[in-house]
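Below is one structure, written out as structure tokens, with a few remarks after it.
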Amino acid sequence: METVLAAAGPDQLLPARQMMAFTLGFHIILVPFGVAFTAIMLIANWRGLRRGDEQALLLARRWSQVAGVLFAVGAVSGTVLSFELGLLWPGLMGRFGAAFGIPFAVEGLFFFVEAIFVAIYIYGWRRMRPWPHFWTGVPVVLAGIGGTSSVVAANAWMNEPAGFRLQDGRVTEVRPLGVFFNGAFWYEAVHMLLAAYMVAGFLIAGVYAVGMLRGRRDRLRRLGLAIPLTVAALAAPVQIVVGDIAAREVFDDESAKFAAIEALPETSTRVPEVLGGVLVDGQVRYGVEIPLGASLLAGFSPDTEIRGLDAVPAPVRPADRLVNTVHLAFQVMVGIGFALLALAAWYAWLWWRRRRVPEGKWFLRCVAVSGVFAVAALEAGWVVTEVGRQPWTVVGYLLTADAAPTSGNIWPFFAATLALYAALAAGTFLVLRLLRDRWRSAGADTDDEGRVPYGPAPTPAERNS
């Protein structure tokens with residue numbers, strides 16, 4: 001039963017899905033560094049200038065080099081994704097490109113702005129006056145937010161298509177603002193941006209927590225932990241609220257996806273919240289039920305009716321395996337979100353009591369692994385929004401099977417993509433490791449950053465300035 005849709009689709013549907021899932025899963029890990037890491041970098045820069053804090057300036061300078069490397073890698077992986085839209089989904093681009101392409105055109109403008117100012121900011125160390133140099137970093141942060149929001153707008157449009165008219169199978173009367181600011185845009189965009197700040201904050205803090213666990217507890221490491229961890233801790237409670245709003249919007253506007261999230265086979269009221277569990281032959285098994293939980297969360301009343309999978313027409317009803325994927329991914333995302341909220345509360349409590357960066361072993365161990373869990377939650381969230389839409393590419397208009405190629409062979413391209421991304425990952429790891437080794441050899445209190453990555457060496461006058 002669950003393979004009917006896949007079997008009825010074109011031969012290239014499976015490799016197209018696998019290739020898109022892999023490249024998107026790889027690329028999304030880099031997004032928080034373009035959106036939030038640069039903001040964290042600017043916070044360190046601002047602190048350094050405002051308080052005359054040389055250690056904060058050194059952190060900002062080193063972080064800018066890492067941001068430059070990751071921006072370049074993200075540009076490559078993002079370019080591959082843009083080619084894949086035409087290669088893997090000709091039915092989408094051929095039929096809906098006039099509307100779907102609008103957010104990507106906007107994203108392209110933000111990308112060029114970001115690229116220009118990333119270069120200026122990195123090159124500008126010791127080549128510009130301090131405050132003008134700082135302000136060249138602000139467009140980087142704003143462009144990162146704008147670019148990410150644009151891509152999210154495209155995804156949100158596939159969930160709730162708007163801003164066009166379909167006449168004789170062709171898209172007409174396109175309204176760019178209606179396409180961009182569709183019904184799902186605001187909550188998806190804010191949810192993604194907060195996730196980016198959490199991922200970047202916890203990941204960076206985790207790196208310094210590992211260093212502190214290994215005995216390197218100088219002020220540079222403490223500051224390197226405190227700044228990103230504070231950003232992530234502030235984002236965590238806001239994310240919980242926004243996530244709750246987003247789930248309720250999905251309940252109102254994407255009932256099939258919400259039914260998959262809850263693994264709810266039949267429409268009913270007084271629906272329990274099921275922790276864990278899988279859908280097998282129309283029944284949820286092996287889960288732990290919280291009585292009335294789903295109805296209360298969805299509509300603040302135990303009598304709230306939730307549409308189940310039985311309300312989805314059989315030809316487009318998601319298979320059990322897809323429902324289980326969405327259901328478990330959502331619970332992973334929410335579970336990790338609350339765990340990170342608890343870590344943020346622990347950090348706030350320790351800071352309130354001691355007014356200094358916590359250095360307890362168990363706290364540092366939790367921070368050290370928090371970034372990995374934040375990435376897992378990010379990936380799980382994208383599984384929910386992408387798999388939860390299936391079998392649609394554009395909900396109500398275009399099935400994924402109809403968007404995929406009807407001829408050719410995608411598998412060789414997938415293999416080449418795997419090789420490219422493996423090389424990207426290995427190269428990124430090597431470059432970051434080389435930067436780390438150079439910084440360690442310089443010492444925590446030595447500003448050896450007399451040159452920017454791949455830039456010209458400073459003159460003696462610049463080095464002494």
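Here, A, B, ... name the chains of the structure tokens in the order displayed, residue numbers run from 1 inside each chain, and ligands are numbered from 1 in the same displayed order.
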Please report, as CSV, each residue of region 330-432 of chain A lying at most 8 Å from region 239-259 of chain A, together with the nearest pair of atoms and the separation in Å rounded to one decimal; use only C-alpha atoms, and order rows by chain and ascending residue number.
residue,atom,partner,partner_atom,distance
A:Gly337,CA,A:Ile240,CA,7.1
A:Phe338,CA,A:Ile240,CA,7.6
A:Gly388,CA,A:Lys257,CA,5.0
A:Arg389,CA,A:Lys257,CA,6.3
Limited to all heavy atoms, could you put the picked residues into a file as a PDB file, in the first residue's frame?
ATOM      1  N   GLY A 337      14.463  20.746  21.336  1.00  0.00           N
ATOM      2  CA  GLY A 337      14.196  22.153  21.630  1.00  0.00           C
ATOM      3  C   GLY A 337      14.001  22.402  23.117  1.00  0.00           C
ATOM      4  O   GLY A 337      14.554  23.360  23.682  1.00  0.00           O
ATOM      5  N   PHE A 338      13.250  21.533  23.769  1.00  0.00           N
ATOM      6  CA  PHE A 338      13.034  21.706  25.205  1.00  0.00           C
ATOM      7  C   PHE A 338      14.295  21.377  26.001  1.00  0.00           C
ATOM      8  O   PHE A 338      14.559  21.980  27.052  1.00  0.00           O
ATOM      9  CB  PHE A 338      11.861  20.845  25.666  1.00  0.00           C
ATOM     10  CG  PHE A 338      10.526  21.513  25.486  1.00  0.00           C
ATOM     11  CD1 PHE A 338       9.723  21.207  24.402  1.00  0.00           C
ATOM     12  CD2 PHE A 338      10.094  22.465  26.384  1.00  0.00           C
ATOM     13  CE1 PHE A 338       8.502  21.836  24.221  1.00  0.00           C
ATOM     14  CE2 PHE A 338       8.875  23.103  26.236  1.00  0.00           C
ATOM     15  CZ  PHE A 338       8.068  22.789  25.134  1.00  0.00           C
ATOM     16  N   GLY A 388       6.511  16.199   5.233  1.00  0.00           N
ATOM     17  CA  GLY A 388       5.120  16.414   5.622  1.00  0.00           C
ATOM     18  C   GLY A 388       4.254  16.917   4.483  1.00  0.00           C
ATOM     19  O   GLY A 388       3.021  16.798   4.549  1.00  0.00           O
ATOM     20  N   ARG A 389       4.854  17.496   3.469  1.00  0.00           N
ATOM     21  CA  ARG A 389       4.095  17.985   2.305  1.00  0.00           C
ATOM     22  C   ARG A 389       3.784  16.866   1.314  1.00  0.00           C
ATOM     23  O   ARG A 389       2.908  17.005   0.455  1.00  0.00           O
ATOM     24  CB  ARG A 389       4.899  19.077   1.616  1.00  0.00           C
ATOM     25  CG  ARG A 389       4.166  19.796   0.514  1.00  0.00           C
ATOM     26  CD  ARG A 389       4.959  20.970  -0.039  1.00  0.00           C
ATOM     27  NE  ARG A 389       6.241  20.553  -0.567  1.00  0.00           N
ATOM     28  CZ  ARG A 389       7.419  20.947  -0.089  1.00  0.00           C
ATOM     29  NH1 ARG A 389       7.458  21.744   0.951  1.00  0.00           N
ATOM     30  NH2 ARG A 389       8.546  20.542  -0.617  1.00  0.00           N
TER      31      ARG A 389
END
Notebook entry, point to check: Could you pull the residues within 10 Å of region 80-82 of chain A, counting only C-alpha atoms, minus those fewer than 3 positions along the same chain, as a list in words?
Noted result: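 Non-adjacent residues within range: Met19, Met20, Thr23, Leu24, His27, Gly74, Ala75, Val76, Ser77, Leu85, Gly86, Leu87, Leu88, Phe104, Thr417, Leu420 and Tyr421 of chain A.
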Note to self: as a ChimeraX atom specification, please: the residues near region 423-434 of chain A (cut-off 12 Å, only C-alpha atoms, same-chain neighbours under 4 positions excluded).
What the structure shows: /A:23,26-27,29-30,62-63,65-77,416-419,438-441,453-454
Next item on the list: Return the single residue from A:Val278, A:Leu264, A:Ala99, A:Leu292 that is closest to Ala311 (chain A), with distances computed using only C-alpha atoms.
Entry: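 When distances to Ala311 (chain A) are compared using only C-alpha atoms, the smallest one comes from A:Leu264.
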Check: What lies within 7 Å of Gly91 (chain A) using only C-alpha atoms, ignoring chain neighbours under 3 positions off, as a VMD selection string?
Finding: chain A and resid 94 to 95 402 to 404
Margin query: as a PyMOL selection string, please: every residue in region 61-242 of chain A that a backbone DSSP assignment puts in helix (DSSP H, G or I).
Written below: chain A and resi 61-88+90-124+130-135+138-159+176-180+185-213+219-242
Margin query: Run DSSP on the backbone and tell me which residues of region 262-370 of chain A come out as strand (DSSP E or B); list them as a PyMOL selection string.
Written below: chain A and resi 268+273-280+283-290+306
Output N, CA and C atoms of each residue in that selection to a file, as a PDB file, in the first residue's frame.
ATOM      1  N   SER A 268     -11.089  13.150  14.880  1.00  0.00           N
ATOM      2  CA  SER A 268     -11.772  13.004  16.166  1.00  0.00           C
ATOM      3  C   SER A 268     -11.490  14.207  17.055  1.00  0.00           C
ATOM      4  N   GLU A 273      -1.986  13.401  22.943  1.00  0.00           N
ATOM      5  CA  GLU A 273      -0.650  13.599  22.371  1.00  0.00           C
ATOM      6  C   GLU A 273       0.127  12.310  22.574  1.00  0.00           C
ATOM      7  N   VAL A 274       0.638  11.756  21.475  1.00  0.00           N
ATOM      8  CA  VAL A 274       1.338  10.477  21.533  1.00  0.00           C
ATOM      9  C   VAL A 274       2.842  10.727  21.450  1.00  0.00           C
ATOM     10  N   LEU A 275       3.558  10.345  22.486  1.00  0.00           N
ATOM     11  CA  LEU A 275       5.012  10.444  22.501  1.00  0.00           C
ATOM     12  C   LEU A 275       5.584   9.153  21.956  1.00  0.00           C
ATOM     13  N   GLY A 276       6.404   9.296  20.903  1.00  0.00           N
ATOM     14  CA  GLY A 276       6.928   8.106  20.252  1.00  0.00           C
ATOM     15  C   GLY A 276       5.827   7.418  19.473  1.00  0.00           C
ATOM     16  N   GLY A 277       5.985   6.121  19.279  1.00  0.00           N
ATOM     17  CA  GLY A 277       4.969   5.356  18.578  1.00  0.00           C
ATOM     18  C   GLY A 277       5.116   5.436  17.074  1.00  0.00           C
ATOM     19  N   VAL A 278       4.576   4.438  16.405  1.00  0.00           N
ATOM     20  CA  VAL A 278       4.581   4.387  14.940  1.00  0.00           C
ATOM     21  C   VAL A 278       3.212   3.938  14.465  1.00  0.00           C
ATOM     22  N   LEU A 279       2.869   4.362  13.257  1.00  0.00           N
ATOM     23  CA  LEU A 279       1.601   3.998  12.646  1.00  0.00           C
ATOM     24  C   LEU A 279       1.774   2.682  11.895  1.00  0.00           C
ATOM     25  N   VAL A 280       1.023   1.670  12.296  1.00  0.00           N
ATOM     26  CA  VAL A 280       1.097   0.352  11.664  1.00  0.00           C
ATOM     27  C   VAL A 280      -0.320  -0.102  11.345  1.00  0.00           C
ATOM     28  N   GLN A 283      -3.076   1.963  12.880  1.00  0.00           N
ATOM     29  CA  GLN A 283      -3.100   2.078  14.337  1.00  0.00           C
ATOM     30  C   GLN A 283      -1.737   2.532  14.852  1.00  0.00           C
ATOM     31  N   VAL A 284      -1.757   3.428  15.840  1.00  0.00           N
ATOM     32  CA  VAL A 284      -0.505   3.879  16.442  1.00  0.00           C
ATOM     33  C   VAL A 284      -0.110   2.900  17.541  1.00  0.00           C
ATOM     34  N   ARG A 285       1.094   2.389  17.455  1.00  0.00           N
ATOM     35  CA  ARG A 285       1.572   1.401  18.420  1.00  0.00           C
ATOM     36  C   ARG A 285       2.868   1.876  19.066  1.00  0.00           C
ATOM     37  N   TYR A 286       3.111   1.369  20.261  1.00  0.00           N
ATOM     38  CA  TYR A 286       4.353   1.558  21.000  1.00  0.00           C
ATOM     39  C   TYR A 286       4.557   2.995  21.471  1.00  0.00           C
ATOM     40  N   GLY A 287       3.495   3.797  21.511  1.00  0.00           N
ATOM     41  CA  GLY A 287       3.632   5.173  21.973  1.00  0.00           C
ATOM     42  C   GLY A 287       3.096   5.360  23.387  1.00  0.00           C
ATOM     43  N   VAL A 288       3.421   6.493  23.969  1.00  0.00           N
ATOM     44  CA  VAL A 288       2.924   6.867  25.301  1.00  0.00           C
ATOM     45  C   VAL A 288       1.946   8.023  25.119  1.00  0.00           C
ATOM     46  N   GLU A 289       0.721   7.849  25.538  1.00  0.00           N
ATOM     47  CA  GLU A 289      -0.321   8.846  25.323  1.00  0.00           C
ATOM     48  C   GLU A 289      -0.435   9.819  26.497  1.00  0.00           C
ATOM     49  N   ILE A 290      -0.565  11.102  26.142  1.00  0.00           N
ATOM     50  CA  ILE A 290      -0.924  12.138  27.116  1.00  0.00           C
ATOM     51  C   ILE A 290      -2.377  12.509  26.832  1.00  0.00           C
ATOM     52  N   ILE A 306      -9.569  17.432  15.381  1.00  0.00           N
ATOM     53  CA  ILE A 306      -8.383  17.366  14.535  1.00  0.00           C
ATOM     54  C   ILE A 306      -8.662  16.413  13.387  1.00  0.00           C
TER      55      ILE A 306
END
Note to self: So, with only C-alpha atoms as the atoms that count, which of A:Trp157, A:Phe300, A:Trp89, A:Tyr123 lies closest to Phe185 (chain A)?
What the structure shows: A:Trp157
Margin query: Show me, as a ChimeraX atom specification, the residues that have an atom within 10 Å of Ala39 (chain A) when counting only C-alpha atoms, minus same-chain residues fewer than 3 positions from it.
Written below: /A:33-36,42-45,137-138,140-142,144,197,200,228,231
Per residue of region 208-282 of chain A within 6 Å of region 325-332 of chain A, note the shortest atom pair and the distance in Å to one decimal, counting only C-alpha atoms, and order the rows by chain and increasing residue number, as a tab-separated table.
residue	atom	partner	partner_atom	distance
A:Ala260	CA	A:His327	CA	6.0
A:Ile261	CA	A:His327	CA	4.3
A:Ala263	CA	A:His327	CA	6.0
Notebook entry, point to check: Of the residues A:Leu109, A:Ala368, A:Leu341, A:Ala16, which is the one nearest to Pro412 (chain A), using only C-alpha atoms?
Noted result: A:Ala16
Note to self: Give me, as a list in words, all polymer residues having an atom no more than 8 Å from Ala209 (chain A), counting only C-alpha atoms and skipping those fewer than 2 positions away in the same chain.
What the structure shows: Ala205, Gly206, Val207, Gly211, Met212, Leu213, Arg221, Leu225, Leu364, Arg365, Val367 and Ala368 of chain A
Expected file: the selected residues, N, CA, C and O atoms, as a compact mmCIF listing (two decimals), in the first residue's frame:
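Final file, out-v9.txt:
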# COMPACT_ATOMS: atom_id res chain seq x y z
N ALA A 205 29.70 27.72 20.94
CA ALA A 205 29.94 27.57 22.38
C ALA A 205 30.47 26.17 22.69
O ALA A 205 31.33 26.00 23.56
N GLY A 206 29.96 25.17 21.98
CA GLY A 206 30.41 23.80 22.19
C GLY A 206 31.88 23.61 21.90
O GLY A 206 32.58 22.86 22.61
N VAL A 207 32.37 24.29 20.88
CA VAL A 207 33.80 24.20 20.55
C VAL A 207 34.65 24.71 21.71
O VAL A 207 35.64 24.08 22.11
N GLY A 211 37.32 22.90 24.57
CA GLY A 211 38.63 23.43 24.94
C GLY A 211 38.78 23.63 26.44
O GLY A 211 39.82 23.32 27.02
N MET A 212 37.72 24.13 27.07
CA MET A 212 37.78 24.34 28.52
C MET A 212 37.83 23.01 29.27
O MET A 212 38.51 22.89 30.29
N LEU A 213 37.14 22.00 28.76
CA LEU A 213 37.21 20.69 29.39
C LEU A 213 38.60 20.09 29.30
O LEU A 213 39.00 19.27 30.14
N ARG A 221 38.93 31.81 25.84
CA ARG A 221 38.00 30.69 25.72
C ARG A 221 36.70 30.97 26.49
O ARG A 221 35.61 30.62 26.02
N LEU A 225 33.03 31.19 24.72
CA LEU A 225 31.87 30.40 25.12
C LEU A 225 30.70 31.30 25.49
O LEU A 225 29.55 31.04 25.11
N LEU A 364 29.77 22.13 31.19
CA LEU A 364 30.57 22.22 29.97
C LEU A 364 30.34 21.01 29.07
O LEU A 364 30.34 21.13 27.85
N ARG A 365 30.15 19.84 29.67
CA ARG A 365 29.87 18.66 28.85
C ARG A 365 28.55 18.82 28.11
O ARG A 365 28.43 18.45 26.93
N VAL A 367 27.12 21.66 27.25
CA VAL A 367 27.32 22.66 26.21
C VAL A 367 28.09 22.06 25.03
O VAL A 367 27.80 22.35 23.86
N ALA A 368 29.07 21.21 25.33
CA ALA A 368 29.89 20.62 24.28
C ALA A 368 29.07 19.82 23.28
O ALA A 368 29.39 19.80 22.08
